[in-house]
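Asker: Here it is, the structure, as structure tokens.
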Amino acid sequence: AQLVLSVPDDGDADADDWRREAVRRWGALAGAGSPTRDWKLFVESRLSTPPPVSPVDFLQEYYAADTWRLLVSCILMSRVSSWNTKHTCISNFFAKYPTPTAFAEERDYGKVKKEIHSLGLFDDRLRSLVSLTETFLHGARLAPDKGAKSPRADEFKVELDRKSIHKIHGVGPFGHDSYLVFCKDAGATIKLSKGGEPIAPFVNWRKKAAKK
């Protein structure tokens, strides 16, 4: 269902159609709080284009159809060696918080800790999850004009430049490269960042598969 749009495909989709699509996918808080928004850009920039399924069986492949879930999984699995621990905690997290809205509405972070405490570094991971979810639901904050409320950018991107409005706290080279490879199918052409080496086996497979 994540890969199928429910908006009209005859070119007649309007802003309300795209707004409803955002809410259908990511919950009631998707795009909330802005009276004017480019809803088509908001939705399309958050959609995933996952790569073909590989024989490598990377954990990211389980979540590649959903951009928010893919990035959450990267935040949770970072610096954890046990595949079983990662898989169990991430699965439990999404069972409790299936959408970014579900997570954003959680007020008791002790319940979050219960699901992912085995991964360690809870405070750092929580801060990253909150930052990612806020950006995914509402857009990136732009530099405020003098005395004016900061506008938000509707387009969703993941960048590493700390000066970029699309730099998300806690999403470093591993998450950035995973996003490009598993949500934008850039594995055949990507040059991995320093820190993105853990996904090299998948990238090597994708480059070979692209040549066939």
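Residues in the structure tokens are numbered from 1 in each chain, the chains being A, B, ... in the order shown, and ligands are numbered from 1 in the order shown.
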Using only C-alpha atoms, which residues of segment 90-139 of chain A come within 9 Å of segment 160-169 of chain A, and what is the closest atom pair for each, with the distance in Å to one decimal? Give it as a Markdown table, sorted by chain and residue number.
Answerer:
```
| residue | atom | partner | partner_atom | distance |
| --- | --- | --- | --- | --- |
| A:Arg127 | CA | A:His169 | CA | 7.8 |
| A:Ser128 | CA | A:His169 | CA | 5.5 |
| A:Leu129 | CA | A:His169 | CA | 8.7 |
| A:Ser131 | CA | A:His169 | CA | 6.1 |
| A:Leu132 | CA | A:Ile168 | CA | 6.1 |
| A:Thr135 | CA | A:Ile168 | CA | 7.7 |
| A:Gly139 | CA | A:His166 | CA | 8.9 |
```
Asker: Would you mind listing what lies within 7 Å of segment 72-79 of chain A as a list in words, with only C-alpha atoms counted and same-chain residues fewer than 2 positions away left out?
Answerer: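 Close residues of segment 72-79 of chain A: Trp68, Arg69, Leu70, Ser81, Lys86, Ile90, Arg125, Leu129, Val171 and Gly175 of chain A.
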Asker: For the residues selected in the previous step, produce a file with N, CA and C atoms as a JSON list (two decimals), in the first residue's frame.
Answerer:
```json
[["chain", "number", "residue", "atom", "x", "y", "z"],
["A", 68, "TRP", "N", 10.04, 7.25, 6.27],
["A", 68, "TRP", "CA", 10.16, 7.51, 7.71],
["A", 68, "TRP", "C", 10.63, 6.24, 8.44],
["A", 69, "ARG", "N", 10.06, 5.11, 8.10],
["A", 69, "ARG", "CA", 10.45, 3.87, 8.76],
["A", 69, "ARG", "C", 11.90, 3.51, 8.46],
["A", 70, "LEU", "N", 12.33, 3.74, 7.23],
["A", 70, "LEU", "CA", 13.71, 3.44, 6.87],
["A", 70, "LEU", "C", 14.67, 4.27, 7.72],
["A", 81, "SER", "N", 25.43, -4.30, 17.09],
["A", 81, "SER", "CA", 25.98, -5.37, 16.28],
["A", 81, "SER", "C", 25.03, -6.55, 16.11],
["A", 86, "LYS", "N", 18.57, -5.84, 16.98],
["A", 86, "LYS", "CA", 18.08, -4.76, 16.11],
["A", 86, "LYS", "C", 16.70, -5.10, 15.56],
["A", 90, "ILE", "N", 13.36, -2.93, 16.62],
["A", 90, "ILE", "CA", 12.76, -2.14, 15.55],
["A", 90, "ILE", "C", 11.34, -2.63, 15.26],
["A", 125, "ARG", "N", 19.21, 8.50, 20.84],
["A", 125, "ARG", "CA", 18.29, 7.95, 19.84],
["A", 125, "ARG", "C", 16.93, 8.67, 19.91],
["A", 129, "LEU", "N", 15.04, 10.61, 16.92],
["A", 129, "LEU", "CA", 13.71, 10.20, 16.48],
["A", 129, "LEU", "C", 12.74, 11.38, 16.49],
["A", 171, "VAL", "N", 20.94, 11.92, 11.95],
["A", 171, "VAL", "CA", 21.04, 11.17, 10.69],
["A", 171, "VAL", "C", 22.37, 11.54, 10.04],
["A", 175, "GLY", "N", 22.84, 6.83, 7.85],
["A", 175, "GLY", "CA", 21.44, 7.06, 7.55],
["A", 175, "GLY", "C", 21.24, 7.75, 6.22]]
```
Asker: Please identify all polymer residues within 12 Å of segment 153-159 of chain A, counting only C-alpha atoms, omitting same-chain residues fewer than 2 positions from it, and present them as a VMD selection string.
Answerer: chain A and resid 22 30 to 32 34 36 to 48 67 to 68 71 132 to 144 150 to 151 161 to 180 183 to 184 193
Asker: Using the chain letters and numbers from this document, which residues of segment 79-189 of chain A does DSSP assign to helix (DSSP H, G or I), as a VMD selection string?
Answerer: chain A and resid 83 to 96 100 to 104 109 to 119 122 to 138 173 to 183
Asker: As an exercise, work out the distance from atom CA of Arg19 of chain A to atom CA of Tyr97 of chain A in Å and give it to one decimal place.
Answerer: 21.1 Å
Asker: Quick one: residues within 12 Å of Pro201 of chain A, only C-alpha atoms, excluding same-chain residues fewer than 6 positions away - as a list in words?
Answerer: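 These residues fall inside the cut-off: Ser54, Pro55, Val56, Asp57, Phe58, Val181, Gly187, Ala188, Leu192, Lys207 and Lys208 of chain A.
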